[in-house]
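Below: data_12.cif (mmCIF, C-alpha atoms and all ligand atoms)
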```cif
data_model
loop_
_atom_site.label_atom_id
_atom_site.label_comp_id
_atom_site.auth_asym_id
_atom_site.auth_seq_id
_atom_site.Cartn_x
_atom_site.Cartn_y
_atom_site.Cartn_z
CA MET A 1 -7.92 -27.39 -3.55
CA GLN A 2 -4.73 -25.96 -2.01
CA GLN A 3 -2.02 -28.38 -0.88
CA ALA A 4 1.37 -27.70 0.65
CA PRO A 5 3.77 -26.64 -2.13
CA LEU A 6 5.37 -29.56 -3.87
CA GLN A 7 9.10 -30.03 -3.69
CA ASP A 8 11.34 -31.56 -6.31
CA ARG A 9 14.33 -33.82 -5.60
CA LEU A 10 16.47 -30.75 -4.81
CA SER A 11 13.82 -29.37 -2.38
CA ARG A 12 12.69 -26.67 -4.79
CA PRO A 13 8.99 -25.73 -4.56
CA LEU A 14 6.77 -25.18 -7.59
CA GLY A 15 6.15 -21.43 -7.80
CA VAL A 16 5.97 -20.12 -11.36
CA VAL A 17 4.31 -21.55 -14.47
CA ARG A 18 5.50 -20.23 -17.82
CA LEU A 19 2.85 -21.00 -20.40
CA SER A 20 3.74 -20.53 -24.05
CA LEU A 21 0.77 -19.62 -26.24
CA THR A 22 2.45 -20.07 -29.60
CA ALA A 23 5.90 -20.80 -30.99
CA ARG A 24 5.27 -18.33 -33.83
CA CYS A 25 6.58 -14.79 -33.81
CA ASN A 26 6.37 -11.57 -35.79
CA LEU A 27 10.10 -10.94 -35.20
CA ASN A 28 13.02 -13.16 -36.07
CA CYS A 29 15.64 -12.32 -33.42
CA PRO A 30 18.82 -14.17 -34.52
CA TYR A 31 19.51 -15.30 -30.94
CA CYS A 32 16.09 -17.01 -30.76
CA LEU A 33 15.12 -17.91 -34.35
CA PRO A 34 11.48 -19.04 -34.06
CA GLU A 35 10.36 -21.82 -36.40
CA GLY A 36 7.64 -19.86 -38.20
CA LYS A 37 4.81 -22.28 -37.47
CA ASP A 38 3.27 -24.08 -34.56
CA ARG A 39 3.33 -27.84 -34.13
CA SER A 40 -0.07 -29.43 -34.54
CA GLY A 41 -2.47 -29.80 -31.65
CA LEU A 42 -2.26 -26.40 -29.94
CA LEU A 43 -4.11 -26.30 -26.64
CA GLY A 44 -7.39 -24.43 -26.42
CA VAL A 45 -8.46 -21.96 -23.74
CA GLU A 46 -10.23 -24.61 -21.64
CA GLU A 47 -7.22 -26.94 -21.73
CA ARG A 48 -4.91 -24.10 -20.74
CA ARG A 49 -7.21 -23.15 -17.89
CA GLU A 50 -7.13 -26.76 -16.65
CA LEU A 51 -3.34 -26.80 -16.76
CA VAL A 52 -2.99 -23.57 -14.84
CA THR A 53 -5.62 -24.73 -12.33
CA ALA A 54 -3.71 -27.99 -11.71
CA SER A 55 -0.46 -26.03 -11.27
CA VAL A 56 -2.08 -23.61 -8.82
CA ASP A 57 -3.53 -26.57 -6.90
CA LEU A 58 0.07 -27.78 -6.56
CA GLY A 59 1.30 -24.45 -5.20
CA ALA A 60 2.10 -22.26 -8.21
CA HIS A 61 1.41 -18.59 -7.41
CA THR A 62 2.55 -16.87 -10.61
CA LEU A 63 1.72 -17.42 -14.26
CA ARG A 64 3.80 -15.94 -17.07
CA LEU A 65 2.25 -15.98 -20.53
CA THR A 66 4.86 -16.07 -23.23
CA GLY A 67 5.77 -17.53 -26.63
CA GLY A 68 6.84 -17.02 -29.47
CA GLU A 69 4.82 -13.86 -29.47
CA PRO A 70 1.84 -14.26 -27.13
CA LEU A 71 -0.04 -11.26 -28.57
CA LEU A 72 -0.50 -13.30 -31.77
CA ASP A 73 -3.02 -15.36 -29.78
CA GLY A 74 -6.47 -13.88 -30.29
CA ASP A 75 -7.81 -15.81 -27.27
CA LEU A 76 -5.36 -14.27 -24.83
CA GLU A 77 -7.89 -11.97 -23.15
CA THR A 78 -10.43 -14.83 -22.90
CA LEU A 79 -7.83 -17.01 -21.16
CA ILE A 80 -6.85 -14.27 -18.71
CA THR A 81 -10.51 -13.63 -17.90
CA ALA A 82 -11.08 -17.36 -17.31
CA LEU A 83 -8.12 -17.50 -14.93
CA GLN A 84 -9.55 -14.86 -12.60
CA SER A 85 -11.45 -17.65 -10.79
CA LEU A 86 -8.06 -18.83 -9.47
CA ARG A 87 -7.57 -15.63 -7.45
CA PRO A 88 -6.30 -15.10 -4.83
CA ARG A 89 -4.22 -18.29 -4.93
CA LEU A 90 -2.94 -17.20 -8.33
CA LYS A 91 -1.27 -13.97 -7.23
CA ARG A 92 0.16 -12.71 -10.48
CA ILE A 93 -0.53 -13.10 -14.20
CA ALA A 94 2.31 -11.62 -16.25
CA LEU A 95 3.01 -11.32 -19.96
CA THR A 96 6.31 -11.18 -21.85
CA SER A 97 5.96 -9.68 -25.32
CA ASN A 98 7.93 -7.93 -28.03
CA GLY A 99 5.23 -5.25 -27.94
CA LEU A 100 4.62 -4.95 -31.69
CA LEU A 101 0.92 -5.75 -31.32
CA LEU A 102 0.36 -3.88 -28.06
CA SER A 103 -1.98 -1.15 -29.29
CA ALA A 104 -3.70 1.19 -26.84
CA GLU A 105 -6.91 -0.88 -27.19
CA ARG A 106 -5.13 -4.21 -26.66
CA ALA A 107 -3.34 -2.89 -23.56
CA LYS A 108 -6.67 -1.72 -22.10
CA ALA A 109 -8.37 -5.04 -22.95
CA LEU A 110 -5.58 -7.02 -21.27
CA ARG A 111 -5.76 -4.86 -18.17
CA LYS A 112 -9.53 -5.20 -18.07
CA ALA A 113 -9.24 -8.99 -18.42
CA GLY A 114 -7.05 -9.02 -15.29
CA LEU A 115 -3.43 -9.08 -16.50
CA ASP A 116 -1.14 -7.80 -13.72
CA SER A 117 2.11 -7.02 -15.50
CA VAL A 118 3.78 -6.63 -18.87
CA THR A 119 7.45 -7.13 -19.71
CA LEU A 120 8.45 -5.77 -23.11
CA SER A 121 11.61 -6.90 -24.87
CA LEU A 122 13.87 -4.35 -26.55
CA ASP A 123 17.53 -5.05 -27.31
CA GLY A 124 18.61 -1.72 -28.75
CA SER A 125 17.96 2.00 -28.56
CA ASP A 126 18.45 2.91 -32.22
CA ALA A 127 17.17 1.66 -35.56
CA THR A 128 20.40 -0.13 -36.51
CA SER A 129 20.79 -2.14 -33.34
CA VAL A 130 17.07 -2.98 -33.16
CA ALA A 131 17.21 -4.21 -36.77
CA ARG A 132 20.24 -6.36 -35.98
CA MET A 133 18.71 -7.87 -32.83
CA SER A 134 15.17 -8.36 -34.17
CA GLY A 135 16.02 -9.83 -37.57
CA ARG A 136 13.96 -7.11 -39.30
CA ARG A 137 15.16 -4.51 -41.76
CA ASP A 138 12.76 -1.87 -40.46
CA GLY A 139 14.46 -1.50 -37.08
CA GLY A 140 13.33 2.14 -36.77
CA TRP A 141 9.69 1.13 -37.12
CA VAL A 142 10.09 -1.75 -34.64
CA LEU A 143 11.68 0.63 -32.13
CA GLU A 144 8.84 3.14 -32.56
CA GLN A 145 6.26 0.39 -32.00
CA VAL A 146 7.92 -0.79 -28.79
CA LEU A 147 8.27 2.76 -27.44
CA ALA A 148 4.58 3.34 -28.21
CA ALA A 149 3.70 0.00 -26.57
CA ILE A 150 5.44 1.13 -23.37
CA GLU A 151 3.20 4.20 -23.23
CA HIS A 152 0.06 2.22 -24.13
CA ALA A 153 0.78 -0.22 -21.30
CA ARG A 154 1.44 2.63 -18.85
CA SER A 155 -1.77 4.44 -19.85
CA ALA A 156 -3.74 1.21 -19.44
CA GLY A 157 -2.63 1.05 -15.79
CA PHE A 158 0.46 -1.20 -15.88
CA ASP A 159 2.47 0.74 -13.32
CA PRO A 160 6.29 0.42 -13.43
CA ALA A 161 6.52 1.50 -9.79
CA GLN A 162 4.43 -1.55 -8.79
CA GLY A 163 6.41 -3.94 -11.02
CA GLY A 164 3.62 -3.76 -13.62
CA LEU A 165 5.84 -2.73 -16.53
CA LYS A 166 9.47 -3.63 -17.27
CA LEU A 167 11.93 -3.90 -20.12
CA ASN A 168 13.97 -7.01 -21.02
CA ALA A 169 17.16 -6.78 -23.08
CA VAL A 170 19.37 -9.63 -24.24
CA ILE A 171 22.96 -8.48 -24.59
CA GLN A 172 25.41 -10.28 -26.88
CA ARG A 173 29.12 -9.55 -26.83
CA ASP A 174 30.27 -7.71 -29.98
CA VAL A 175 26.69 -7.57 -31.29
CA ASN A 176 24.77 -5.12 -29.09
CA GLU A 177 27.06 -4.68 -26.09
CA ASP A 178 27.31 -1.00 -27.04
CA GLN A 179 23.60 -0.76 -26.13
CA VAL A 180 23.98 -1.41 -22.39
CA LEU A 181 24.33 2.27 -21.47
CA PRO A 182 21.86 3.65 -24.05
CA LEU A 183 19.24 1.10 -22.93
CA ALA A 184 19.86 1.96 -19.29
CA SER A 185 19.42 5.62 -20.18
CA LEU A 186 16.20 4.91 -22.11
CA ALA A 187 14.79 2.92 -19.16
CA ARG A 188 15.80 5.62 -16.64
CA GLN A 189 14.16 8.34 -18.70
CA ARG A 190 10.95 6.34 -18.92
CA GLY A 191 10.97 5.24 -15.29
CA LEU A 192 11.26 1.53 -16.11
CA GLU A 193 13.21 -1.34 -14.61
CA LEU A 194 15.65 -2.67 -17.21
CA ARG A 195 16.41 -6.38 -16.99
CA LEU A 196 19.69 -7.23 -18.72
CA ILE A 197 19.85 -10.87 -19.81
CA GLU A 198 22.99 -12.84 -20.61
CA TYR A 199 22.85 -14.57 -23.98
CA MET A 200 21.89 -18.19 -23.23
CA ASP A 201 22.44 -21.54 -24.96
CA VAL A 202 18.75 -22.27 -25.36
CA GLY A 203 17.98 -24.20 -28.56
CA ASN A 204 20.47 -25.29 -31.21
CA ARG A 205 19.65 -22.99 -34.09
CA ASN A 206 21.35 -19.83 -32.79
CA GLY A 207 24.86 -21.36 -32.80
CA TRP A 208 25.56 -20.18 -29.24
CA HIS A 209 29.15 -20.08 -28.06
CA PRO A 210 30.46 -18.95 -24.64
CA ASP A 211 32.59 -16.27 -26.35
CA GLN A 212 29.36 -14.49 -27.38
CA VAL A 213 28.30 -13.96 -23.77
CA LEU A 214 28.84 -10.60 -22.09
CA SER A 215 28.74 -11.25 -18.36
CA ALA A 216 26.14 -9.54 -16.23
CA ALA A 217 29.00 -8.33 -14.01
CA THR A 218 30.51 -6.48 -16.98
CA MET A 219 27.14 -4.95 -17.88
CA VAL A 220 26.64 -3.78 -14.31
CA SER A 221 30.14 -2.35 -14.01
CA ARG A 222 29.67 -0.36 -17.23
CA ILE A 223 26.50 1.19 -15.91
CA HIS A 224 28.05 1.67 -12.46
CA SER A 225 30.96 3.65 -13.91
CA HIS A 226 28.42 6.05 -15.40
CA TRP A 227 25.66 6.04 -12.79
CA PRO A 228 26.85 4.48 -9.50
CA LEU A 229 24.76 1.51 -8.41
CA GLN A 230 24.03 -0.14 -5.09
CA PRO A 231 23.06 -3.84 -4.88
CA LEU A 232 19.61 -4.68 -3.48
CA ASP A 233 18.85 -7.81 -1.46
CA ARG A 234 18.08 -10.88 -3.54
CA GLU A 235 14.47 -12.05 -3.26
CA ALA A 236 13.73 -15.73 -2.47
CA ASN A 237 13.55 -17.94 -5.60
CA ALA A 238 14.46 -14.97 -7.78
CA THR A 239 16.40 -15.69 -10.95
CA HIS A 240 17.55 -12.06 -11.12
CA ARG A 241 19.70 -9.68 -9.07
CA ARG A 242 18.83 -6.03 -8.70
CA TRP A 243 20.64 -2.73 -8.20
CA ARG A 244 19.30 0.73 -7.48
CA TYR A 245 20.76 3.91 -8.89
CA ARG A 246 22.44 5.88 -6.13
CA ASP A 247 21.21 9.10 -7.69
CA GLY A 248 17.66 7.81 -7.43
CA GLY A 249 17.20 7.10 -11.13
CA GLY A 250 16.17 9.22 -14.05
CA GLY A 251 13.07 10.71 -15.54
CA GLY A 252 12.83 13.21 -12.74
CA ALA A 253 11.58 10.44 -10.40
CA GLY A 254 12.36 10.79 -6.72
CA ALA A 255 14.57 8.23 -4.96
CA ALA A 256 11.53 6.40 -3.59
CA ASP A 257 10.15 5.45 -6.99
CA ALA A 258 13.35 5.20 -9.00
CA PRO A 259 13.55 2.20 -11.32
CA PRO A 260 16.27 -0.31 -10.49
CA ILE A 261 18.21 -2.36 -13.01
CA SER A 262 18.37 -6.12 -12.80
CA THR A 263 20.36 -8.91 -14.42
CA ILE A 264 19.70 -12.53 -15.33
CA ALA A 265 23.10 -14.18 -15.24
CA SER A 266 22.15 -17.72 -16.19
CA ILE A 267 25.58 -18.36 -17.71
CA THR A 268 28.02 -16.71 -15.32
CA GLU A 269 26.05 -17.07 -12.07
CA PRO A 270 23.67 -20.04 -12.47
CA PHE A 271 20.66 -19.96 -10.17
CA CYS A 272 19.40 -23.56 -10.53
CA GLY A 273 19.14 -23.89 -6.75
CA ASP A 274 16.41 -21.22 -6.79
CA CYS A 275 14.56 -22.36 -9.90
CA ASN A 276 10.87 -22.85 -9.13
CA ARG A 277 9.64 -22.74 -12.74
CA LEU A 278 7.55 -25.20 -14.72
CA ARG A 279 7.36 -24.58 -18.46
CA ILE A 280 4.43 -25.65 -20.61
CA THR A 281 4.54 -25.38 -24.40
CA ALA A 282 1.69 -24.24 -26.62
CA ASP A 283 1.07 -27.86 -27.70
CA GLY A 284 0.90 -29.19 -24.14
CA PHE A 285 4.36 -30.48 -23.24
CA ALA A 286 5.75 -29.80 -19.76
CA PHE A 287 9.47 -29.01 -19.45
CA SER A 288 11.14 -28.96 -16.06
CA CYS A 289 14.17 -27.00 -17.30
CA LEU A 290 14.81 -24.29 -19.90
CA PHE A 291 17.72 -26.34 -21.21
CA ALA A 292 15.96 -29.72 -21.39
CA SER A 293 15.95 -31.78 -24.59
CA SER A 294 12.40 -33.07 -24.29
CA GLY A 295 9.21 -32.64 -22.30
CA THR A 296 6.30 -34.68 -20.99
CA ASP A 297 3.19 -34.81 -23.16
CA LEU A 298 0.26 -33.69 -20.99
CA ARG A 299 -2.41 -34.13 -23.67
CA PRO A 300 -3.39 -37.65 -22.56
CA TRP A 301 -4.85 -35.97 -19.42
CA LEU A 302 -6.50 -33.18 -21.43
CA ARG A 303 -8.10 -35.04 -24.34
CA PRO A 304 -10.72 -35.97 -25.28
CA ARG A 305 -11.73 -34.08 -22.15
CA PRO A 306 -9.67 -32.83 -19.18
CA GLN A 307 -9.30 -35.18 -16.19
CA ALA A 308 -8.47 -32.75 -13.41
CA ALA A 309 -7.30 -35.22 -10.73
CA ALA A 310 -5.17 -37.29 -13.10
CA LEU A 311 -3.64 -34.15 -14.63
CA ARG A 312 -2.74 -32.83 -11.18
CA GLN A 313 -1.16 -36.19 -10.32
CA ALA A 314 0.85 -36.22 -13.56
CA LEU A 315 2.20 -32.73 -12.87
CA ALA A 316 2.95 -33.62 -9.25
CA ASP A 317 4.86 -36.75 -10.33
CA LEU A 318 6.80 -34.74 -12.88
CA TRP A 319 7.76 -32.09 -10.32
CA ARG A 320 8.70 -34.60 -7.61
CA SER A 321 11.06 -36.40 -9.98
CA ARG A 322 12.72 -33.17 -11.15
CA SER A 323 16.45 -32.86 -10.55
CA ASP A 324 17.57 -30.59 -13.43
CA ARG A 325 20.44 -28.20 -12.79
CA TYR A 326 21.71 -27.72 -16.30
CA SER A 327 23.14 -24.21 -15.86
CA GLU A 328 25.26 -25.32 -12.93
CA GLU A 329 26.50 -28.32 -14.94
CA ARG A 330 27.02 -26.45 -18.20
CA ALA A 331 30.78 -25.95 -17.98
CA GLU A 332 31.40 -29.55 -16.95
CA ARG A 333 29.17 -30.92 -19.72
CA ARG A 334 30.84 -28.78 -22.34
CA ALA A 335 34.26 -29.86 -21.10
CA ARG A 336 33.22 -33.53 -21.33
CA ALA A 337 31.85 -33.19 -24.88
CA THR A 338 34.77 -33.18 -27.32
CA THR A 339 32.78 -31.22 -29.94
CA ASP A 340 29.59 -29.14 -29.79
CA SER A 341 27.80 -31.83 -31.82
CA ASN A 342 28.31 -34.22 -28.88
CA LEU A 343 26.23 -31.95 -26.63
CA PRO A 344 22.61 -33.03 -26.02
CA PRO A 345 20.07 -31.12 -28.15
CA HIS A 346 18.06 -28.33 -26.50
CA ALA A 347 14.46 -27.40 -27.22
CA GLU A 348 14.20 -24.03 -28.96
CA MET A 349 13.51 -20.83 -26.99
CA ALA A 350 10.44 -19.70 -28.96
CA TYR A 351 8.89 -23.17 -28.49
CA LEU A 352 9.63 -23.24 -24.76
CA GLY A 353 8.77 -19.62 -24.06
CA GLY A 354 11.93 -18.65 -22.14
N1 LIG B 1 8.34 -12.79 -27.99
C1 LIG B 1 8.32 -12.38 -26.64
C2 LIG B 1 9.52 -11.50 -26.32
O1 LIG B 1 10.49 -11.48 -27.08
O2 LIG B 1 9.46 -10.86 -25.27
C3 LIG B 1 8.23 -13.50 -25.62
C4 LIG B 1 9.04 -14.74 -25.87
S1 LIG B 1 10.81 -14.55 -25.78
C5 LIG B 1 11.35 -16.20 -26.06
C6 LIG B 1 11.06 -14.28 -24.03
C7 LIG B 1 12.38 -13.63 -23.67
O3 LIG B 1 13.44 -14.52 -23.95
C8 LIG B 1 12.68 -12.34 -24.42
O4 LIG B 1 12.97 -11.30 -23.51
C9 LIG B 1 13.89 -12.69 -25.25
O5 LIG B 1 14.72 -11.60 -25.47
C10 LIG B 1 14.55 -13.77 -24.41
N2 LIG B 1 15.44 -14.64 -25.17
C11 LIG B 1 15.18 -15.29 -26.32
N3 LIG B 1 16.25 -16.04 -26.70
C12 LIG B 1 17.22 -15.85 -25.77
C13 LIG B 1 18.56 -16.34 -25.58
N4 LIG B 1 19.12 -17.19 -26.44
N5 LIG B 1 19.24 -15.93 -24.50
C14 LIG B 1 18.67 -15.08 -23.60
N6 LIG B 1 17.42 -14.61 -23.70
C15 LIG B 1 16.70 -14.96 -24.78
FE1 LIG B 2 10.18 -13.49 -31.20
FE2 LIG B 2 10.68 -13.05 -28.66
FE3 LIG B 2 12.09 -14.90 -30.02
FE4 LIG B 2 12.45 -12.34 -30.59
S1 LIG B 2 12.90 -13.34 -28.63
S2 LIG B 2 12.15 -13.96 -32.07
S3 LIG B 2 10.46 -11.47 -30.24
S4 LIG B 2 9.97 -15.00 -29.53
#
```
Go through the file and emit its structure as structure tokens.
Amino acid sequence: MQQAPLQDRLSRPLGVVRLSLTARCNLNCPYCLPEGKDRSGLLGVEERRELVTASVDLGAHTLRLTGGEPLLDGDLETLITALQSLRPRLKRIALTSNGLLLSAERAKALRKAGLDSVTLSLDGSDATSVARMSGRRDGGWVLEQVLAAIEHARSAGFDPAQGGLKLNAVIQRDVNEDQVLPLASLARQRGLELRLIEYMDVGNRNGWHPDQVLSAATMVSRIHSHWPLQPLDREANATHRRWRYRDGGGGGAGAADAPPISTIASITEPFCGDCNRLRITADGFAFSCLFASSGTDLRPWLRPRPQAAALRQALADLWRSRSDRYSEERAERRARATTDSNLPPHAEMAYLGG
């Protein structure tokens, strides 16, 4: 049942659903700090399928599966297979992962199930910086696993030239800012788009402070001084900005298929006006903003058995009442709060799924 896309109170349509499959993770990135266990009452495959169906009925066209680490979920392929019935209204099913569990077999199974794209996260290009950013001592091994995962995904048919394979990197001032150029080089050599993400104040456990943010503009200018860049047009409802390499990119690729770089500048250039994302946690809470303190429990419409019409109505009501624009209000809120402890609490990143 397709209806006209819903609009929230700021006229933003529902477009993307980010579904977290678990809050657990096999890394312990200090800027994210997952809790180590899931809350009780995780949704099952059927409940997740109902939620995505209701969202697609309300106009969502893209699903991003995330976590915690989504590859820890053994039912991932079953879910993706079950969601194929929502094609073609559901245009894209994407996965964000740290890649540690992306073996050649898993990559093939995900592709076969109908996954469209994979984004792998990697915040450093050497063992020391990967160890620092992943919270693991064996940074060299983690790096090797992610580099292997890139090739497994590529071999399974996730094509970087079609947006099927990308790299995410969070950059923190004074922590891994020296990795901007090496990561750009690594992505160029491998023909991948590199998405550079400003360190965000999601959650409370990471002790975020504005001084720890390296602006996307600084990241871009560092790359530009080495490999000149040219801005690309911003896509509608995109949370990122993109640049192409004037030399056409690396890896021997021609200009036509050169990988761009992109930035997510949630801190220095908030994009709330374009935010079309609904977030659903692994235990069934809907969050209308990445920086929200609390969500809406959707389980009453899922248990003991899903009630499709009532669930759709609940999601529609939630979206229509949405007016969040936290990133745009961040500076003002922080100025009003006399100390950081006066700021409202945020849900944690690994629980929300980014
Ligand atoms: N575990 C998977 C991964 O790391 O790709 C998926 C979940 S993770 C929460 C999704 C993305 O959020 C990752 O690219 C991660 O680097 C990013 N992220 C986590 N905490 C962040 C923060 N405080 N600021 C900016 N990005 C963050
Ligand atoms: Fe795990 Fe991803 Fe959080 Fe790192 S960013 S701890 S890989 S959920």
Around all the atoms of stretch 140-145 of chain A listed in the file, draw an axis-aligned box and extend it by 4 Å on each of the six sides; I want its centre and edge lengths in Å to one decimal, as JSON.
```
{"center_x": 9.8, "center_y": 0.7, "center_z": -34.6, "size_x": 15.1, "size_y": 12.9, "size_z": 13.1}
```
Residues of chain A that have any atom at most 9 Å from an atom of ligand LIG 2 (chain B): could you tabulate them with the shortest-distance atom pair and the distance in Å to one decimal, using all atoms listed in the file, ordered by chain and increasing number, as a Markdown table?
```
| residue | atom | partner | partner_atom | distance |
| --- | --- | --- | --- | --- |
| A:Ala23 | CA | B:LIG2 | S4 | 7.2 |
| A:Arg24 | CA | B:LIG2 | S4 | 7.2 |
| A:Cys25 | CA | B:LIG2 | FE1 | 4.6 |
| A:Asn26 | CA | B:LIG2 | FE1 | 6.3 |
| A:Leu27 | CA | B:LIG2 | FE1 | 4.7 |
| A:Asn28 | CA | B:LIG2 | S2 | 4.2 |
| A:Cys29 | CA | B:LIG2 | S2 | 4.1 |
| A:Pro30 | CA | B:LIG2 | S2 | 7.1 |
| A:Tyr31 | CA | B:LIG2 | S1 | 7.3 |
| A:Cys32 | CA | B:LIG2 | FE3 | 4.6 |
| A:Leu33 | CA | B:LIG2 | S2 | 5.4 |
| A:Pro34 | CA | B:LIG2 | S2 | 5.5 |
| A:Thr66 | CA | B:LIG2 | S4 | 8.2 |
| A:Gly67 | CA | B:LIG2 | S4 | 5.7 |
| A:Gly68 | CA | B:LIG2 | S4 | 3.7 |
| A:Glu69 | CA | B:LIG2 | S4 | 5.3 |
| A:Pro70 | CA | B:LIG2 | S4 | 8.5 |
| A:Thr96 | CA | B:LIG2 | FE2 | 8.3 |
| A:Ser97 | CA | B:LIG2 | FE2 | 6.7 |
| A:Asn98 | CA | B:LIG2 | S3 | 4.9 |
| A:Gly99 | CA | B:LIG2 | S3 | 8.4 |
| A:Leu100 | CA | B:LIG2 | S3 | 8.9 |
| A:Ser121 | CA | B:LIG2 | S3 | 7.1 |
| A:Leu122 | CA | B:LIG2 | S3 | 8.7 |
| A:Met133 | CA | B:LIG2 | FE4 | 8.0 |
| A:Ser134 | CA | B:LIG2 | FE4 | 6.0 |
| A:Gly135 | CA | B:LIG2 | S2 | 7.9 |
| A:Val170 | CA | B:LIG2 | S1 | 8.7 |
| A:Met349 | CA | B:LIG2 | FE3 | 6.8 |
| A:Ala350 | CA | B:LIG2 | S4 | 4.8 |
| A:Tyr351 | CA | B:LIG2 | S4 | 8.3 |
| A:Gly353 | CA | B:LIG2 | S4 | 7.3 |
| A:Gly354 | CA | B:LIG2 | S1 | 8.4 |
```
Serialized selection, C-alpha atoms, as a PDB file, in the frame of the given file:
```pdb
ATOM      1  CA  ALA A  23       5.900 -20.800 -30.990  1.00  0.00           C
ATOM      2  CA  ARG A  24       5.270 -18.330 -33.830  1.00  0.00           C
ATOM      3  CA  CYS A  25       6.580 -14.790 -33.810  1.00  0.00           C
ATOM      4  CA  ASN A  26       6.370 -11.570 -35.790  1.00  0.00           C
ATOM      5  CA  LEU A  27      10.100 -10.940 -35.200  1.00  0.00           C
ATOM      6  CA  ASN A  28      13.020 -13.160 -36.070  1.00  0.00           C
ATOM      7  CA  CYS A  29      15.640 -12.320 -33.420  1.00  0.00           C
ATOM      8  CA  PRO A  30      18.820 -14.170 -34.520  1.00  0.00           C
ATOM      9  CA  TYR A  31      19.510 -15.300 -30.940  1.00  0.00           C
ATOM     10  CA  CYS A  32      16.090 -17.010 -30.760  1.00  0.00           C
ATOM     11  CA  LEU A  33      15.120 -17.910 -34.350  1.00  0.00           C
ATOM     12  CA  PRO A  34      11.480 -19.040 -34.060  1.00  0.00           C
ATOM     13  CA  THR A  66       4.860 -16.070 -23.230  1.00  0.00           C
ATOM     14  CA  GLY A  67       5.770 -17.530 -26.630  1.00  0.00           C
ATOM     15  CA  GLY A  68       6.840 -17.020 -29.470  1.00  0.00           C
ATOM     16  CA  GLU A  69       4.820 -13.860 -29.470  1.00  0.00           C
ATOM     17  CA  PRO A  70       1.840 -14.260 -27.130  1.00  0.00           C
ATOM     18  CA  THR A  96       6.310 -11.180 -21.850  1.00  0.00           C
ATOM     19  CA  SER A  97       5.960  -9.680 -25.320  1.00  0.00           C
ATOM     20  CA  ASN A  98       7.930  -7.930 -28.030  1.00  0.00           C
ATOM     21  CA  GLY A  99       5.230  -5.250 -27.940  1.00  0.00           C
ATOM     22  CA  LEU A 100       4.620  -4.950 -31.690  1.00  0.00           C
ATOM     23  CA  SER A 121      11.610  -6.900 -24.870  1.00  0.00           C
ATOM     24  CA  LEU A 122      13.870  -4.350 -26.550  1.00  0.00           C
ATOM     25  CA  MET A 133      18.710  -7.870 -32.830  1.00  0.00           C
ATOM     26  CA  SER A 134      15.170  -8.360 -34.170  1.00  0.00           C
ATOM     27  CA  GLY A 135      16.020  -9.830 -37.570  1.00  0.00           C
ATOM     28  CA  VAL A 170      19.370  -9.630 -24.240  1.00  0.00           C
ATOM     29  CA  MET A 349      13.510 -20.830 -26.990  1.00  0.00           C
ATOM     30  CA  ALA A 350      10.440 -19.700 -28.960  1.00  0.00           C
ATOM     31  CA  TYR A 351       8.890 -23.170 -28.490  1.00  0.00           C
ATOM     32  CA  GLY A 353       8.770 -19.620 -24.060  1.00  0.00           C
ATOM     33  CA  GLY A 354      11.930 -18.650 -22.140  1.00  0.00           C
TER      34      GLY A 354
END
```
> Using only C-alpha atoms, which residues sit within 9 Å of A:Arg49 once same-chain residues fewer than 5 positions away are excluded, as a ChimeraX atom specification?
Replying inline: /A:44,54,79-80,82-83
Please dump the current selection as a compact mmCIF listing (two decimals), keeping the file's coordinate frame; keep C-alpha atoms.
```
# COMPACT_ATOMS: atom_id res chain seq x y z
CA GLY A 44 -7.39 -24.43 -26.42
CA ALA A 54 -3.71 -27.99 -11.71
CA LEU A 79 -7.83 -17.01 -21.16
CA ILE A 80 -6.85 -14.27 -18.71
CA ALA A 82 -11.08 -17.36 -17.31
CA LEU A 83 -8.12 -17.50 -14.93
```
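Atom C1 of ligand LIG 1 (chain B) lies 19.8 Å from atom CA of A:Val52.
Picture a line from atom CA of A:Ser323 to atom CA of A:Leu58; it runs 17.6 Å.
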>> Please list, as an NGL selection string, the residues that have an atom at most 12 Å away from (-0.6, -17.2, -18.2) in the coordinates of this file, counting only C-alpha atoms.
In response: :A and (16-21 or 45 or 48-53 or 55-56 or 60-67 or 70-71 or 73 or 75-84 or 86 or 90-96 or 110 or 113-118 or 278-282 or 353)
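Each of A:Asn237, A:Ser294, A:Thr128, A:Thr263 was checked against ligand LIG 1 (chain B) using only C-alpha atoms and all ligand atoms; the smallest atom-to-atom distance is that of A:Thr263.
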>> Considering only C-alpha atoms, can you say which of A:Ala236, A:Ser262, A:Asp138, A:Ala314 comes closest to A:Leu302?
In response: A:Ala314
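Here the question is which of A:His224, A:Arg330, A:Arg246, A:Arg154 gets nearest to A:Thr119 using only C-alpha atoms, and that residue is A:Arg154.
Residues in contact range of A:Pro160, defined as at most 8 Å between all atoms listed in the file, with sequence neighbours fewer than 3 positions away removed, read Arg154, Gly163, Gly164, Leu165, Lys166, Gly191, Leu192, Glu193 and Pro259 of chain A.
Distance annotation: of A:Glu144, A:Glu332, A:Asp297, A:Glu151, the residue with the minimal separation from A:Leu318 is A:Asp297; atom set is only C-alpha atoms.
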> Between atom CA of A:Asp57 and atom CA of A:Arg87, what is the spacing in Å?
Replying inline: 11.7 Å
>> Using only C-alpha atoms and all ligand atoms for the distances, tell me which of A:Pro182, A:Gly203, A:Gly36, A:Gly124 is nearest to ligand LIG 1 (chain B).
In response: A:Gly203
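Proximity ranking of A:Glu47, A:Glu177, A:Asp126, A:Asp274 relative to A:Arg303 places A:Glu47 first, based on all atoms listed in the file.
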> Which residues come within 12 Å of A:Ile261, counting all atoms listed in the file, excluding same-chain residues fewer than 5 positions away, as a VMD selection string?
Replying inline: chain A and resid 166 to 169 180 to 181 183 to 188 191 to 197 216 219 to 221 223 to 224 227 to 232 240 to 246 248 to 250
